[in-house]
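Student: I have a structure here, written as structure tokens, and I will follow up with some questions on it.
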Amino acid sequence: MAWLELLIALFVGLGGGYLAYQSSRRWSTEEKRRIQRAADTHATVLHVQRGAMRHHRDGVPLRLRLEVEDPAYRDPARTLEVGWEVPEGLVDEVAVGRRLQVKVDRYDERRIYPVIAGAEWWDVEA
């Protein structure tokens with residue numbers, strides 16, 4: 001009887017793991033689509049604060065204050081706080097006063113994606 005309970009627990013565990021894997025893949029695919037659909041513009045770095053805790057293995061977490069230009073150039077630039085994780089060797093590209101190419105999410109204009117190889121956006125509110 002114990003082997004049957006063990007077998008059921010094994011199937012439930014494997015099923016849960018598979019569902020979690022599929023959900024993660026779906027989320028990752030949707031995030032990539034959002035970044036591809038984002039509008040190109042520029043931003044000027046007003047403030048940089050290095051974070052202490054890394055979100056991924058090889059990036060440096062940065063909390064930035066950016067002055068983001070309107071992609072359509074209709075509205076004045078706006079100031080936003082964003083979180084980016086930038087590869088160690090490219091942190092110097094995100095210095096105060098630098099003008100960077102960025103992408104603005106079409107669905108959430110607080111999401112400003114970096115156009116730096118290997119850099120990622122992360123939610124500063126989380």
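Here, A, B, ... name the chains of the structure tokens in the order displayed, residue numbers run from 1 inside each chain, and ligands are numbered from 1 in the same displayed order.
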I'd like the neighbourhood of stretch 76-89 of chain A as number ranges by chain, where a residue qualifies if any of its atoms comes within 10 Å (using only C-alpha atoms), though same-chain residues fewer than 5 positions away should be ignored.

Tutor: A: 42-51, 54-71, 94, 109-114, 116-125

Student: Please produce a file of the residues just selected, as a CSV table (one decimal), in the first residue's frame, where the atoms kept are C-alpha atoms.

Tutor:
chain,number,residue,atom,x,y,z
A,42,HIS,CA,16.0,57.8,-25.8
A,43,ALA,CA,16.5,58.6,-22.1
A,44,THR,CA,19.0,60.6,-20.2
A,45,VAL,CA,20.4,59.1,-16.9
A,46,LEU,CA,19.8,61.5,-14.0
A,47,HIS,CA,20.8,59.3,-11.1
A,48,VAL,CA,22.3,55.8,-10.6
A,49,GLN,CA,22.2,53.7,-7.5
A,50,ARG,CA,23.9,50.3,-7.4
A,51,GLY,CA,21.9,47.6,-5.7
A,54,ARG,CA,21.6,40.4,-7.7
A,55,HIS,CA,18.5,39.1,-9.5
A,56,HIS,CA,20.4,37.0,-11.9
A,57,ARG,CA,23.9,35.5,-11.8
A,58,ASP,CA,26.0,37.9,-13.8
A,59,GLY,CA,24.2,41.3,-13.8
A,60,VAL,CA,24.7,44.3,-11.6
A,61,PRO,CA,21.4,45.6,-10.3
A,62,LEU,CA,20.9,49.3,-10.8
A,63,ARG,CA,18.1,51.6,-9.7
A,64,LEU,CA,18.0,54.5,-12.1
A,65,ARG,CA,16.2,57.8,-12.5
A,66,LEU,CA,15.7,58.5,-16.2
A,67,GLU,CA,14.4,61.4,-18.1
A,68,VAL,CA,12.5,59.6,-20.9
A,69,GLU,CA,11.7,61.2,-24.2
A,70,ASP,CA,8.2,60.6,-25.6
A,71,PRO,CA,8.6,58.1,-28.5
A,94,VAL,CA,24.9,53.7,-17.6
A,109,GLU,CA,4.8,53.2,-19.8
A,110,ARG,CA,6.6,52.8,-16.5
A,111,ARG,CA,8.5,49.8,-18.1
A,112,ILE,CA,11.6,51.3,-19.7
A,113,TYR,CA,13.6,48.5,-21.3
A,114,PRO,CA,17.4,48.9,-21.8
A,116,ILE,CA,22.1,47.2,-23.9
A,117,ALA,CA,23.3,43.7,-24.8
A,118,GLY,CA,22.6,41.4,-21.8
A,119,ALA,CA,20.8,44.0,-19.8
A,120,GLU,CA,17.3,43.4,-18.4
A,121,TRP,CA,14.4,45.4,-16.9
A,122,TRP,CA,13.1,44.5,-13.4
A,123,ASP,CA,10.3,45.9,-11.4
A,124,VAL,CA,11.5,48.4,-8.8
A,125,GLU,CA,8.1,48.2,-7.0

Student: Mind the document's chain letters and residue numbers, and return as a VMD selection string the residues of chain A that DSSP labels strand (DSSP E).

Tutor: chain A and resid 39 to 50 59 to 68 78 to 87 99 to 104 112 to 114 120 to 122

Student: Restricting the output to C-alpha atoms, write the selected residues as a PDB file, in the first residue's frame.

Tutor:
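Final output, selection_1.pdb:
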ATOM      1  CA  ALA A  39       8.534  51.755 -28.846  1.00  0.00           C
ATOM      2  CA  ASP A  40      12.087  53.004 -29.456  1.00  0.00           C
ATOM      3  CA  THR A  41      13.145  56.285 -27.849  1.00  0.00           C
ATOM      4  CA  HIS A  42      15.970  57.815 -25.782  1.00  0.00           C
ATOM      5  CA  ALA A  43      16.503  58.572 -22.114  1.00  0.00           C
ATOM      6  CA  THR A  44      19.034  60.586 -20.155  1.00  0.00           C
ATOM      7  CA  VAL A  45      20.399  59.124 -16.912  1.00  0.00           C
ATOM      8  CA  LEU A  46      19.783  61.507 -14.000  1.00  0.00           C
ATOM      9  CA  HIS A  47      20.762  59.266 -11.070  1.00  0.00           C
ATOM     10  CA  VAL A  48      22.310  55.803 -10.620  1.00  0.00           C
ATOM     11  CA  GLN A  49      22.181  53.710  -7.460  1.00  0.00           C
ATOM     12  CA  ARG A  50      23.892  50.326  -7.364  1.00  0.00           C
ATOM     13  CA  GLY A  59      24.243  41.269 -13.798  1.00  0.00           C
ATOM     14  CA  VAL A  60      24.689  44.284 -11.558  1.00  0.00           C
ATOM     15  CA  PRO A  61      21.356  45.610 -10.266  1.00  0.00           C
ATOM     16  CA  LEU A  62      20.940  49.341 -10.820  1.00  0.00           C
ATOM     17  CA  ARG A  63      18.126  51.617  -9.709  1.00  0.00           C
ATOM     18  CA  LEU A  64      17.969  54.535 -12.136  1.00  0.00           C
ATOM     19  CA  ARG A  65      16.188  57.835 -12.471  1.00  0.00           C
ATOM     20  CA  LEU A  66      15.728  58.529 -16.161  1.00  0.00           C
ATOM     21  CA  GLU A  67      14.376  61.427 -18.141  1.00  0.00           C
ATOM     22  CA  VAL A  68      12.534  59.563 -20.896  1.00  0.00           C
ATOM     23  CA  ARG A  78       9.122  62.605 -18.128  1.00  0.00           C
ATOM     24  CA  THR A  79      11.162  61.407 -15.181  1.00  0.00           C
ATOM     25  CA  LEU A  80      10.833  57.780 -14.046  1.00  0.00           C
ATOM     26  CA  GLU A  81      12.519  55.393 -11.612  1.00  0.00           C
ATOM     27  CA  VAL A  82      13.450  52.060 -13.180  1.00  0.00           C
ATOM     28  CA  GLY A  83      15.417  48.987 -12.255  1.00  0.00           C
ATOM     29  CA  TRP A  84      17.849  47.412 -14.674  1.00  0.00           C
ATOM     30  CA  GLU A  85      20.284  44.575 -14.347  1.00  0.00           C
ATOM     31  CA  VAL A  86      23.346  45.339 -16.464  1.00  0.00           C
ATOM     32  CA  PRO A  87      26.306  43.018 -17.184  1.00  0.00           C
ATOM     33  CA  ARG A  99      21.842  59.552 -23.251  1.00  0.00           C
ATOM     34  CA  LEU A 100      20.781  55.969 -23.905  1.00  0.00           C
ATOM     35  CA  GLN A 101      18.613  54.237 -26.439  1.00  0.00           C
ATOM     36  CA  VAL A 102      15.667  52.604 -24.644  1.00  0.00           C
ATOM     37  CA  LYS A 103      12.307  50.998 -25.388  1.00  0.00           C
ATOM     38  CA  VAL A 104       9.026  52.045 -23.768  1.00  0.00           C
ATOM     39  CA  ILE A 112      11.567  51.268 -19.739  1.00  0.00           C
ATOM     40  CA  TYR A 113      13.633  48.479 -21.280  1.00  0.00           C
ATOM     41  CA  PRO A 114      17.383  48.921 -21.792  1.00  0.00           C
ATOM     42  CA  GLU A 120      17.280  43.396 -18.361  1.00  0.00           C
ATOM     43  CA  TRP A 121      14.443  45.415 -16.854  1.00  0.00           C
ATOM     44  CA  TRP A 122      13.129  44.486 -13.399  1.00  0.00           C
TER      45      TRP A 122
END
